[in-house]
$ cat final_25.cif   # mmCIF, C-alpha atoms
data_upload
#
loop_
_atom_site.label_atom_id
_atom_site.label_comp_id
_atom_site.auth_asym_id
_atom_site.auth_seq_id
_atom_site.Cartn_x
_atom_site.Cartn_y
_atom_site.Cartn_z
CA MET A 1 -7.05 17.56 -12.51
CA SER A 2 -10.70 18.19 -13.22
CA ARG A 3 -13.06 17.60 -10.33
CA ASP A 4 -16.05 15.27 -10.56
CA ARG A 5 -18.94 17.24 -9.10
CA SER A 6 -21.19 14.18 -8.83
CA GLY A 7 -19.14 12.77 -5.95
CA LYS A 8 -18.03 9.74 -7.94
CA ARG A 9 -14.53 8.40 -7.64
CA GLU A 10 -11.94 9.83 -9.98
CA GLU A 11 -9.00 7.61 -10.78
CA ILE A 12 -5.79 9.56 -11.11
CA ASP A 13 -3.16 8.41 -13.58
CA TYR A 14 -0.64 5.92 -12.31
CA TYR A 15 1.53 7.21 -9.52
CA ARG A 16 5.05 7.78 -10.81
CA PRO A 17 7.45 7.66 -7.88
CA PRO A 18 10.16 10.25 -7.31
CA ALA A 19 13.55 9.55 -8.87
CA PRO A 20 15.21 7.71 -5.94
CA PHE A 21 12.35 5.20 -5.75
CA ALA A 22 12.09 4.81 -9.52
CA ASN A 23 15.82 4.10 -9.81
CA ASN A 24 15.60 1.48 -7.07
CA PRO A 25 12.33 -0.31 -7.80
CA ALA A 26 10.91 -2.63 -5.20
CA PRO A 27 10.31 -6.10 -6.59
CA PHE A 28 7.86 -8.58 -5.16
CA ALA A 29 9.69 -11.17 -3.08
CA ASN A 30 8.14 -14.05 -4.99
CA ASN A 31 8.68 -12.43 -8.39
CA PRO A 32 11.86 -10.29 -8.40
CA GLY A 33 11.29 -9.12 -11.98
CA LEU A 34 8.01 -7.39 -11.16
CA ASN A 35 8.30 -3.73 -10.21
CA LEU A 36 5.64 -2.75 -7.67
CA SER A 37 6.05 0.98 -8.30
CA LEU A 38 4.62 0.53 -11.80
CA LEU A 39 1.41 -0.96 -10.40
CA LEU A 40 0.54 1.75 -7.86
CA ARG A 41 -2.08 4.42 -8.35
CA LEU A 42 -4.02 6.90 -6.26
CA LEU A 43 -7.80 6.68 -5.95
CA LEU A 44 -9.54 9.94 -5.18
CA TYR A 45 -13.11 10.47 -4.02
CA PRO A 46 -13.54 14.27 -4.33
CA LYS A 47 -16.83 14.24 -2.40
CA GLY A 48 -15.82 11.48 0.00
CA ASN A 49 -16.18 7.72 -0.13
CA LYS A 50 -19.80 7.37 1.00
CA LYS A 51 -19.40 3.60 1.51
CA SER A 52 -16.64 4.10 4.08
CA ASN A 53 -17.81 7.04 6.21
CA GLY A 54 -16.00 9.59 4.04
CA GLY A 55 -18.88 12.03 3.67
CA ASP A 56 -17.99 15.73 3.67
CA CYS A 57 -14.28 14.88 3.30
CA ILE A 58 -11.82 14.14 0.54
CA SER A 59 -11.08 10.37 0.52
CA LEU A 60 -7.73 9.21 -0.88
CA TYR A 61 -6.32 5.69 -1.22
CA LEU A 62 -3.24 3.94 -2.54
CA GLN A 63 -4.14 0.97 -4.74
CA ILE A 64 -2.24 -1.81 -6.45
CA ALA A 65 -3.71 -1.94 -9.93
CA GLU A 66 -3.56 -4.58 -12.64
CA THR A 67 -3.47 -7.40 -10.10
CA GLU A 68 -3.94 -9.89 -12.93
CA LYS A 69 -0.25 -9.30 -13.77
CA LEU A 70 0.78 -10.44 -10.29
CA PRO A 71 1.75 -14.00 -9.39
CA PRO A 72 -0.69 -16.20 -7.46
CA ALA A 73 -0.75 -15.56 -3.69
CA TRP A 74 1.07 -12.24 -4.13
CA GLU A 75 1.45 -9.84 -1.25
CA ALA A 76 3.33 -6.62 -0.54
CA ASN A 77 4.04 -4.98 2.80
CA VAL A 78 4.05 -1.22 2.41
CA ASN A 79 4.53 1.84 4.58
CA PHE A 80 3.16 4.96 2.92
CA ARG A 81 2.12 8.56 3.38
CA LEU A 82 -0.46 10.45 1.38
CA PHE A 83 -0.33 14.18 0.95
CA VAL A 84 -2.09 17.26 -0.35
CA PHE A 85 -0.01 20.20 -1.52
CA ASP A 86 -0.65 23.68 -0.09
CA GLN A 87 0.08 25.77 -3.19
CA ILE A 88 0.16 29.07 -1.29
CA ARG A 89 2.67 28.15 1.44
CA ASP A 90 4.60 25.61 -0.68
CA LYS A 91 4.07 22.91 1.98
CA TYR A 92 2.48 19.49 2.15
CA LEU A 93 -0.30 18.30 4.43
CA THR A 94 0.97 14.78 5.09
CA VAL A 95 -1.21 12.00 6.47
CA GLU A 96 0.04 8.60 7.58
CA ASP A 97 -1.06 5.80 9.85
CA ALA A 98 1.70 6.28 12.47
CA GLY A 99 4.26 4.19 10.62
CA ALA A 100 1.95 1.19 10.33
CA VAL A 101 2.84 -1.39 7.71
CA LYS A 102 -0.08 -2.23 5.45
CA ARG A 103 -0.29 -5.63 3.80
CA PHE A 104 -1.62 -5.51 0.25
CA HIS A 105 -2.85 -8.82 -1.16
CA GLN A 106 -5.48 -10.20 -3.51
CA MET A 107 -8.34 -9.56 -1.07
CA LYS A 108 -7.09 -6.12 0.05
CA THR A 109 -5.72 -4.11 -2.87
CA GLU A 110 -6.19 -0.61 -1.47
CA TRP A 111 -5.40 1.25 1.74
CA GLY A 112 -5.89 4.89 2.57
CA PHE A 113 -7.95 7.47 4.37
CA ASP A 114 -11.71 7.91 4.26
CA GLN A 115 -11.42 11.41 5.74
CA LEU A 116 -8.18 12.90 4.41
CA VAL A 117 -9.28 16.57 4.44
CA PRO A 118 -12.70 18.05 5.26
CA LEU A 119 -14.31 19.46 2.09
CA GLU A 120 -14.89 22.80 3.77
CA SER A 121 -11.18 23.13 4.54
CA PHE A 122 -10.15 21.82 1.10
CA ASN A 123 -12.39 24.29 -0.75
CA ASP A 124 -11.33 27.29 1.40
CA PRO A 125 -9.02 29.34 -0.88
CA SER A 126 -6.95 30.57 2.10
CA ASN A 127 -5.76 26.99 2.79
CA GLY A 128 -4.12 26.71 -0.63
CA TYR A 129 -5.21 23.18 -1.49
CA LEU A 130 -7.46 24.24 -4.36
CA VAL A 131 -6.01 27.09 -6.45
CA ASP A 132 -7.35 28.03 -9.90
CA ASP A 133 -9.47 24.85 -9.84
CA SER A 134 -6.38 22.64 -9.55
CA CYS A 135 -4.93 20.61 -6.72
CA VAL A 136 -1.99 18.26 -6.11
CA PHE A 137 -2.19 14.90 -4.35
CA GLY A 138 0.70 12.52 -3.90
CA ALA A 139 2.15 9.56 -2.08
CA GLU A 140 5.47 8.53 -0.60
CA VAL A 141 5.80 4.76 -0.65
CA PHE A 142 8.24 2.40 1.04
CA VAL A 143 8.01 -1.28 0.17
CA ILE A 144 9.28 -3.58 2.89
CA GLU A 145 11.13 -6.57 1.55
CA GLN A 146 9.93 -9.85 2.94
CA THR A 147 12.56 -11.76 4.86
CA ARG A 148 10.60 -14.68 6.21
CA LYS A 149 11.42 -18.33 5.63
CA LEU A 150 8.77 -20.97 5.47
CA GLU A 151 9.24 -24.61 6.28
CA CYS A 152 6.75 -27.44 6.19
CA VAL A 153 6.67 -30.55 8.33
CA SER A 154 4.46 -33.41 7.20
CA ILE A 155 3.37 -36.12 9.59
CA ILE A 156 2.92 -39.57 8.10
CA ASN A 157 0.85 -42.01 10.14
CA GLN A 158 2.40 -45.15 8.72
CA PRO A 159 5.74 -44.55 6.97
CA HIS A 160 6.78 -46.93 4.19
CA GLY A 161 9.82 -49.15 4.60
CA ASN A 162 12.24 -48.58 7.46
CA PRO A 163 11.40 -45.41 9.34
CA ILE A 164 14.29 -43.27 10.56
CA THR A 165 13.79 -41.33 13.78
CA PHE A 166 15.71 -38.21 14.68
CA LYS A 167 15.71 -37.01 18.26
CA ILE A 168 16.75 -33.44 18.83
CA LYS A 169 17.36 -32.57 22.44
CA ASN A 170 16.62 -29.04 23.60
CA PHE A 171 15.25 -28.15 20.17
CA SER A 172 13.61 -24.91 21.33
CA LYS A 173 16.91 -23.69 22.80
CA LEU A 174 18.96 -24.11 19.62
CA ASP A 175 20.39 -20.81 18.45
CA LYS A 176 22.29 -21.91 15.33
CA GLU A 177 20.80 -22.61 11.96
CA TYR A 178 21.55 -26.12 10.68
#
$ encode --input "final_25.cif" --output "structure tokens"
Amino acid sequence: MSRDRSGKREEIDYYRPPAPFANNPAPFANNPGLNLSLLLRLLLYPKGNKKSNGGDCISLYLQIAETEKLPPAWEANVNFRLFVFDQIRDKYLTVEDAGAVKRFHQMKTEWGFDQLVPLESFNDPSNGYLVDDSCVFGAEVFVIEQTRKLECVSIINQPHGNPITFKIKNFSKLDKEY
């Protein structure tokens, strides 16, 4: 990866998930044929995202791209980790939001960290993040399948014809699905 010295955002090629995730793609609940893993990418701000308090740090985000391919009112609940590879020690610096589930939708297409790694630490050769002017960023992504059911009740002020009334006693205490 070449670094942008102007501080502008560099878009990294589409994130290609590791084999287990790629072999078991996570579809959107409202469009099972659409594979979310093909729409993910990493956004990198090598000099920090100045608009979000990321100055003097590497800023890294996970984004759902090509949202025009998604169905109307799409959403995806995702748990993810972002990481930077320490090329000297063969280890990852992993950053996550304590297992928090992030909801991606049309108005919020990216989540991540404004201050992933301080630039001073990232540029220090002894830390192993930047070796021979190259670095490795990645993501581990878990898509949480939606299991909710929605029901709608409409209230009609003056029903047509012969209204039928149902009375359900102890409705809030029912434990079976009918």
$ resolve_selection --input "final_25.cif" --expression "the PyMOL selection byres ((chain A and resi 83-91) around 12)" --output "number ranges by chain"
A: 42, 44, 58-62, 80-82, 92-96, 112-113, 116-117, 121-141
$ atom_distance --input "final_25.cif" --atom1 "atom CA of Arg103 of chain A" --atom2 "atom CA of Val78 of chain A"
6.3 Å
$ resolve_selection --input "final_25.cif" --expression "the PyMOL selection byres ((chain A and resi 55) around 12)" --output "JSON, numbers by chain"
{"A": [7, 8, 45, 46, 47, 48, 49, 50, 51, 52, 53, 54, 56, 57, 58, 59, 113, 114, 115, 116, 117, 118, 119, 120]}
$ atom_distance --input "final_25.cif" --atom1 "atom CA of Glu68 of chain A" --atom2 "atom CA of Thr109 of chain A"
11.7 Å
$ atom_distance --input "final_25.cif" --atom1 "atom CA of Thr67 of chain A" --atom2 "atom CA of Arg41 of chain A"
12.0 Å
$ decode --input "final_25.cif" --residues "segment 45-61 of chain A" --atoms "N, CA, C and O atoms" --output "mmCIF file, in the first residue's frame"
data_model
loop_
_atom_site.group_PDB
_atom_site.id
_atom_site.type_symbol
_atom_site.label_atom_id
_atom_site.label_comp_id
_atom_site.auth_asym_id
_atom_site.auth_seq_id
_atom_site.Cartn_x
_atom_site.Cartn_y
_atom_site.Cartn_z
ATOM 1 N N TYR A 45 -7.512 6.568 6.800
ATOM 2 C CA TYR A 45 -7.043 7.948 6.810
ATOM 3 C C TYR A 45 -5.628 7.892 7.406
ATOM 4 O O TYR A 45 -5.468 7.851 8.624
ATOM 5 N N PRO A 46 -4.594 7.888 6.566
ATOM 6 C CA PRO A 46 -3.225 7.711 7.075
ATOM 7 C C PRO A 46 -2.734 8.838 7.974
ATOM 8 O O PRO A 46 -1.838 8.625 8.779
ATOM 9 N N LYS A 47 -3.318 10.015 7.860
ATOM 10 C CA LYS A 47 -2.947 11.139 8.732
ATOM 11 C C LYS A 47 -4.079 11.491 9.684
ATOM 12 O O LYS A 47 -4.103 12.566 10.261
ATOM 13 N N GLY A 48 -5.042 10.606 9.823
ATOM 14 C CA GLY A 48 -6.151 10.830 10.738
ATOM 15 C C GLY A 48 -7.323 11.526 10.071
ATOM 16 O O GLY A 48 -7.142 12.354 9.191
ATOM 17 N N ASN A 49 -8.512 11.166 10.495
ATOM 18 C CA ASN A 49 -9.729 11.791 9.987
ATOM 19 C C ASN A 49 -9.925 13.098 10.750
ATOM 20 O O ASN A 49 -10.406 13.112 11.878
ATOM 21 N N LYS A 50 -9.563 14.191 10.127
ATOM 22 C CA LYS A 50 -9.598 15.507 10.789
ATOM 23 C C LYS A 50 -11.018 15.923 11.169
ATOM 24 O O LYS A 50 -11.228 16.660 12.109
ATOM 25 N N LYS A 51 -12.025 15.415 10.438
ATOM 26 C CA LYS A 51 -13.413 15.784 10.721
ATOM 27 C C LYS A 51 -13.956 15.070 11.955
ATOM 28 O O LYS A 51 -14.994 15.446 12.479
ATOM 29 N N SER A 52 -13.267 14.040 12.404
ATOM 30 C CA SER A 52 -13.776 13.247 13.534
ATOM 31 C C SER A 52 -12.745 13.100 14.646
ATOM 32 O O SER A 52 -12.612 12.037 15.238
ATOM 33 N N ASN A 53 -11.966 14.134 14.902
ATOM 34 C CA ASN A 53 -11.021 14.116 16.013
ATOM 35 C C ASN A 53 -9.959 13.027 15.860
ATOM 36 O O ASN A 53 -9.534 12.427 16.829
ATOM 37 N N GLY A 54 -9.534 12.760 14.623
ATOM 38 C CA GLY A 54 -8.543 11.714 14.406
ATOM 39 C C GLY A 54 -7.152 12.242 14.169
ATOM 40 O O GLY A 54 -6.279 11.506 13.720
ATOM 41 N N GLY A 55 -6.916 13.514 14.457
ATOM 42 C CA GLY A 55 -5.606 14.107 14.221
ATOM 43 C C GLY A 55 -4.504 13.371 14.958
ATOM 44 O O GLY A 55 -4.681 12.884 16.061
ATOM 45 N N ASP A 56 -3.346 13.270 14.319
ATOM 46 C CA ASP A 56 -2.155 12.622 14.866
ATOM 47 C C ASP A 56 -2.356 11.137 15.146
ATOM 48 O O ASP A 56 -1.645 10.553 15.957
ATOM 49 N N CYS A 57 -3.342 10.517 14.489
ATOM 50 C CA CYS A 57 -3.587 9.080 14.631
ATOM 51 C C CYS A 57 -4.000 8.511 13.280
ATOM 52 O O CYS A 57 -4.496 9.221 12.421
ATOM 53 N N ILE A 58 -3.794 7.228 13.117
ATOM 54 C CA ILE A 58 -4.353 6.516 11.972
ATOM 55 C C ILE A 58 -5.843 6.333 12.259
ATOM 56 O O ILE A 58 -6.217 5.912 13.348
ATOM 57 N N SER A 59 -6.706 6.653 11.291
ATOM 58 C CA SER A 59 -8.148 6.409 11.413
ATOM 59 C C SER A 59 -8.513 5.287 10.441
ATOM 60 O O SER A 59 -8.088 5.301 9.288
ATOM 61 N N LEU A 60 -9.301 4.320 10.915
ATOM 62 C CA LEU A 60 -9.667 3.178 10.088
ATOM 63 C C LEU A 60 -11.133 2.832 10.323
ATOM 64 O O LEU A 60 -11.590 2.784 11.464
ATOM 65 N N TYR A 61 -11.863 2.593 9.223
ATOM 66 C CA TYR A 61 -13.298 2.338 9.300
ATOM 67 C C TYR A 61 -13.673 1.163 8.401
ATOM 68 O O TYR A 61 -13.033 0.921 7.374
#
